[in-house]
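**Q** Could you have a look at this structure, given as structure tokens, before my questions?
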Amino acid sequence: MNRIITLTTDFGLTDGFVGTMKGVILGINPNATIVDITHDIAPQNIEQGAFLFANAAKYFPANVIHVVVVDPGVGSARRAIAAREDETLFVAPDNGVLSSVLRPSSSVVQLNKPAYWLPRVSNTFHGRDVFAPVAAHLSLGVPLEALGDPIDNWVRLPRAPGLRAGDEIAGRVIHIDRFGNIITNAGEEMLSGMDRAWLVVRIGGRVLRGVESTYADAARGELVALISSSWHLEVAMRDGNAAEALGVRIGDEMVVGLDRE
Amino acid sequence: MNRIITLTTDFGLTDGFVGTMKGVILGINPNATIVDITHDIAPQNIEQGAFLFANAAKYFPANVIHVVVVDPGVGSARRAIAAREDETLFVAPDNGVLSSVLRPSSSVVQLNKPAYWLPRVSNTFHGRDVFAPVAAHLSLGVPLEALGDPIDNWVRLPRAPGLRAGDEIAGRVIHIDRFGNIITNAGEEMLSGMDRAWLVVRIGGRVLRGVESTYADAARGELVALISSSWHLEVAMRDGNAAEALGVRIGDEMVVGLDRE
Amino acid sequence: MNRIITLTTDFGLTDGFVGTMKGVILGINPNATIVDITHDIAPQNIEQGAFLFANAAKYFPANVIHVVVVDPGVGSARRAIAAREDETLFVAPDNGVLSSVLRPSSSVVQLNKPAYWLPRVSNTFHGRDVFAPVAAHLSLGVPLEALGDPIDNWVRLPRAPGLRAGDEIAGRVIHIDRFGNIITNAGEEMLSGMDRAWLVVRIGGRVLRGVESTYADAARGELVALISSSWHLEVAMRDGNAAEALGVRIGDEMVVGLDRE
């Protein structure tokens, strides 16, 4: 069956790990369509993996199988899971990397049926030996329930959205993209009811007045606050790199307030 | 329909932007075959995007749909376009990135029919919200003319080929590839009628005698001028990195002359 | 025909070389399924290419066509070859990059039938002009023997496995992966008959006691010796980068001994 399987990992593209996973999948289901989301999650950074994966996943069709392997605990007692939420299937280590896409009502099983893995399982590369073959079997129609026993105590990452109190939002930087755009944990909905023209964004020792609608609202080389494509408050520099210019890093604080003067 | 859609962007592969575009395309046409040309165009470098895209595009079959997103003006008043040249379709911002592949006779429309975009369009990621869905609809057979109104004043980049005057060519460096090979804007045809053995190439303070036919005409670690795979005058170092050795950068000058002494 | 063609090169992903090869393949066989193994082989590093390719290749289905282009001799008198080993086909320059996958009994031909190449062959990019079209023709069912004349003196790389003498193994570092894990040329089978708990691994001026089974056998930030996913002796640092911590590079020595005290 021609099912779509997506791959998100921290494996990078240099060592051939991702190509190897594709070989395993195509060996089990030659008709799978494999799509890379990203393989450049910072090594073992579960939070970043969860964030970038969730951003991309919501733009895929519903009947997709997502494989997410950021797995610092590979070979340890950490569990591996597969899950279903609506029509979408997920395969991942049980470390919270699926936190943003699973719900309390999702069906989750612990992968404990070696019949659906490669015959020889290494202790360092379950992407190849467990997660890829499990996804391939799902793509052939194997039911989730055949892959392992149901669990409901799967790992959730603590959610850490920005906090709004009155007309003030306390947030932090959760991602810096290739262009140096600074993405914060303040979702667009947090700005509701506030007049964007009077908002003041404090970050990296700088004060930006107004949340604009597009990069082009700033002059070249100027900083601008706006809403990111992931629908978060973002700070960018037109035709430049805001994170470098501000010396801002992931985890740094950002504060939004109202100033009508 | 199983149409080929290629992607060329400056999005990099880290943030999942490219994977997201693929999700959008496959959501509209699950049978599209998506091929990456490159996603490592230097951020917002339209000239480099135009050059690398055109080099690759001429090796694809005719009935392909090319999506090229190097888009510093995203969210501004810059137009978005789709175009047809012979059987080949193109989707891109109207900023000149298609300059090398469109002709005066090409059919070009301005994308102004939101029915073919995602329902919600961000101001920072038209690759996902406009260009990907438009390409997917084209791959399903939607005619170019349905996507927007025809225009003929689309943006052309100023062409900047090398200049030949008599037996001298004045050029500059337009690309440095992964191997450190230096590609110039002197097309092979500019050498016509000149005896390659007597040509003298001046670049980065060095003088190379003769335009050779292959890397192997030089000893290890030696510089060699030859014709690149894109059919331009190239300066390389056998088993080494010419750009590093010469301290040459994009935009630097190169001069070719004849010297029979 | 829907055959799988894999690509392994040192071309990187920036210049569009890989995308161009895919265009050539799909122009000849629009139904080929193309899979990237890696394109980040260190420029012109045949040994690394041979190692990473062989690790991945063994996880692909048997009836695959593998294209491996690490080709410092492109344009020289070096031969190009295609080969068959069991049901698997290979296309590569004849420089030893296939050493780990071909056997004395493999069928190997020298590519000398330009009818299966692009009409115009550059001297610097046979990946595009020779190897990609040859692979595409193979995927359409062209027999290996049509592509050129059989040879049996194809190039083998000298094999350099670790050496075991009694209870001591003398090895060296052959790969460092994205996570900083250090892979050595001591295959797992070399440890046979030795009690892993008593093994002592000397590398980078450090002494590790015991070969463990998984990363989790070490505390965070601690070094651990174990068996890699390629089934070699590996030295890793839990939640860290062993190669950086030890200042170890490819080619460095490693010694394994037994110490029961």
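Residues are named by chain letter and number: chains run A, B, ... in the order of the structure tokens, numbers start at 1 in each chain, and ligands are numbered from 1 in the order shown.
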Report as CSV: every residue of chain B with an atom at most 6 Å from chain A, its closest pair of atoms, and their distance in Å to one decimal, counting only C-alpha atoms, with rows sorted by chain and ascending residue number.

**A**
residue,atom,partner,partner_atom,distance
B:Thr14,CA,A:Asp40,CA,4.9
B:Gly16,CA,A:Thr38,CA,5.1
B:Gly19,CA,A:Ile37,CA,4.1
B:Thr20,CA,A:Ala56,CA,4.8
B:Gly23,CA,A:Phe60,CA,4.2
B:Val24,CA,A:Tyr59,CA,5.7
B:Gly27,CA,A:Pro61,CA,4.8
B:Gly75,CA,A:Thr214,CA,5.5
B:Ser76,CA,A:Ala216,CA,5.3
B:Ser122,CA,A:Ser229,CA,5.6
B:Asn123,CA,A:Thr214,CA,5.6
B:Thr124,CA,A:Ser229,CA,5.8
B:Phe125,CA,A:Ser229,CA,5.9

**Q** Go ahead and write the selection's residues with N, CA and C atoms as a PDB file, in the first residue's frame.

**A**
ATOM      1  N   THR B  14      17.065  22.172   8.380  1.00  0.00           N
ATOM      2  CA  THR B  14      17.000  21.999   9.827  1.00  0.00           C
ATOM      3  C   THR B  14      15.615  22.235  10.410  1.00  0.00           C
ATOM      4  N   GLY B  16      12.514  22.073   9.276  1.00  0.00           N
ATOM      5  CA  GLY B  16      11.329  21.338   8.863  1.00  0.00           C
ATOM      6  C   GLY B  16      10.459  22.088   7.867  1.00  0.00           C
ATOM      7  N   GLY B  19      10.063  19.869   4.699  1.00  0.00           N
ATOM      8  CA  GLY B  19       9.165  18.756   4.983  1.00  0.00           C
ATOM      9  C   GLY B  19       7.714  19.208   5.051  1.00  0.00           C
ATOM     10  N   THR B  20       7.506  20.389   5.623  1.00  0.00           N
ATOM     11  CA  THR B  20       6.146  20.931   5.701  1.00  0.00           C
ATOM     12  C   THR B  20       5.569  21.181   4.311  1.00  0.00           C
ATOM     13  N   GLY B  23       4.429  17.990   2.906  1.00  0.00           N
ATOM     14  CA  GLY B  23       3.157  17.576   3.491  1.00  0.00           C
ATOM     15  C   GLY B  23       1.982  18.248   2.811  1.00  0.00           C
ATOM     16  N   VAL B  24       2.120  19.542   2.544  1.00  0.00           N
ATOM     17  CA  VAL B  24       1.053  20.289   1.871  1.00  0.00           C
ATOM     18  C   VAL B  24       0.822  19.741   0.460  1.00  0.00           C
ATOM     19  N   GLY B  27      -0.788  16.333   0.565  1.00  0.00           N
ATOM     20  CA  GLY B  27      -2.172  16.422   1.012  1.00  0.00           C
ATOM     21  C   GLY B  27      -3.111  16.750  -0.140  1.00  0.00           C
ATOM     22  N   GLY B  75       5.520  38.411   2.129  1.00  0.00           N
ATOM     23  CA  GLY B  75       4.622  39.227   2.943  1.00  0.00           C
ATOM     24  C   GLY B  75       4.547  40.681   2.498  1.00  0.00           C
ATOM     25  N   SER B  76       5.423  41.101   1.587  1.00  0.00           N
ATOM     26  CA  SER B  76       5.371  42.471   1.076  1.00  0.00           C
ATOM     27  C   SER B  76       4.471  42.503  -0.161  1.00  0.00           C
ATOM     28  N   SER B 122       0.062  32.672   6.075  1.00  0.00           N
ATOM     29  CA  SER B 122       0.929  33.462   6.951  1.00  0.00           C
ATOM     30  C   SER B 122       1.621  34.544   6.120  1.00  0.00           C
ATOM     31  N   ASN B 123       2.219  35.494   6.811  1.00  0.00           N
ATOM     32  CA  ASN B 123       2.963  36.541   6.099  1.00  0.00           C
ATOM     33  C   ASN B 123       4.436  36.228   5.968  1.00  0.00           C
ATOM     34  N   THR B 124       4.844  35.044   6.444  1.00  0.00           N
ATOM     35  CA  THR B 124       6.274  34.742   6.463  1.00  0.00           C
ATOM     36  C   THR B 124       6.628  33.430   5.779  1.00  0.00           C
ATOM     37  N   PHE B 125       5.652  32.663   5.313  1.00  0.00           N
ATOM     38  CA  PHE B 125       5.970  31.335   4.776  1.00  0.00           C
ATOM     39  C   PHE B 125       5.032  31.010   3.615  1.00  0.00           C
TER      40      PHE B 125
END

**Q** Identify, with DSSP run on backbone atoms, the residues in segment 182-258 of chain C assigned to helix (DSSP H, G or I), and express the list as a list in words.

**A** Glu188, Glu189, Met190, Leu191, Arg196, Ala197, Trp198, Tyr215, Ala216, Asp217, Ala242, Ala243, Glu244, Ala245 and Leu246 of chain C

**Q** Which residue out of B:Arg78, B:Asp167, B:Ala92, B:Glu234 has the minimum interatomic distance to Arg128 of chain B when only C-alpha atoms are used?

**A**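 The shortest atom-to-atom distance to Arg128 of chain B comes from B:Ala92.
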
**Q** Mind giving me the straight-line distance from atom CA of Pro133 of chain A to atom CA of Thr9 of chain A in Å, one decimal?

**A** 15.5 Å

**Q** Between A:Ser106, A:Ala136, A:Asp15, A:Arg196, single out the one closest to Asn31 of chain A, counting only C-alpha atoms.

**A** A:Ala136

**Q** Can you pull out the residues contacting segment 148-153 of chain C? Cut-off 7 Å, using only C-alpha atoms, and skip same-chain residues under 2 positions away; I want them as a ChimeraX atom specification.

**A** /C:108-113,145-146,155

**Q** Suppose you want the space between atom CA of Val97 of chain A and atom CA of Ile46 of chain A; what is it in Å?

**A**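 Interatomic distance, atom CA of Val97 of chain A to atom CA of Ile46 of chain A: 5.5 Å.
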
**Q** If you measure from atom CA of Leu138 of chain C to atom CA of Trp117 of chain C, what distance in Å do you get, rounded to one decimal?

**A** 11.8 Å

**Q** Which residues are near Pro119 of chain C? Cut-off 9 Å, only C-alpha atoms, ignore same chain within fewer than 4 positions. Put them as a PyMOL selection string.

**A** chain C and resi 114-115+129

**Q** Quick one: pick out all strand (DSSP E or B) residues within segment 1-224 of chain A from a backbone DSSP run and write them as a ChimeraX atom specification.

**A** /A:4-9,33-38,65-69,80-85,88-93,107-111,148-150,163-165,168-176,182-187,199-203,206-209,211,223-224
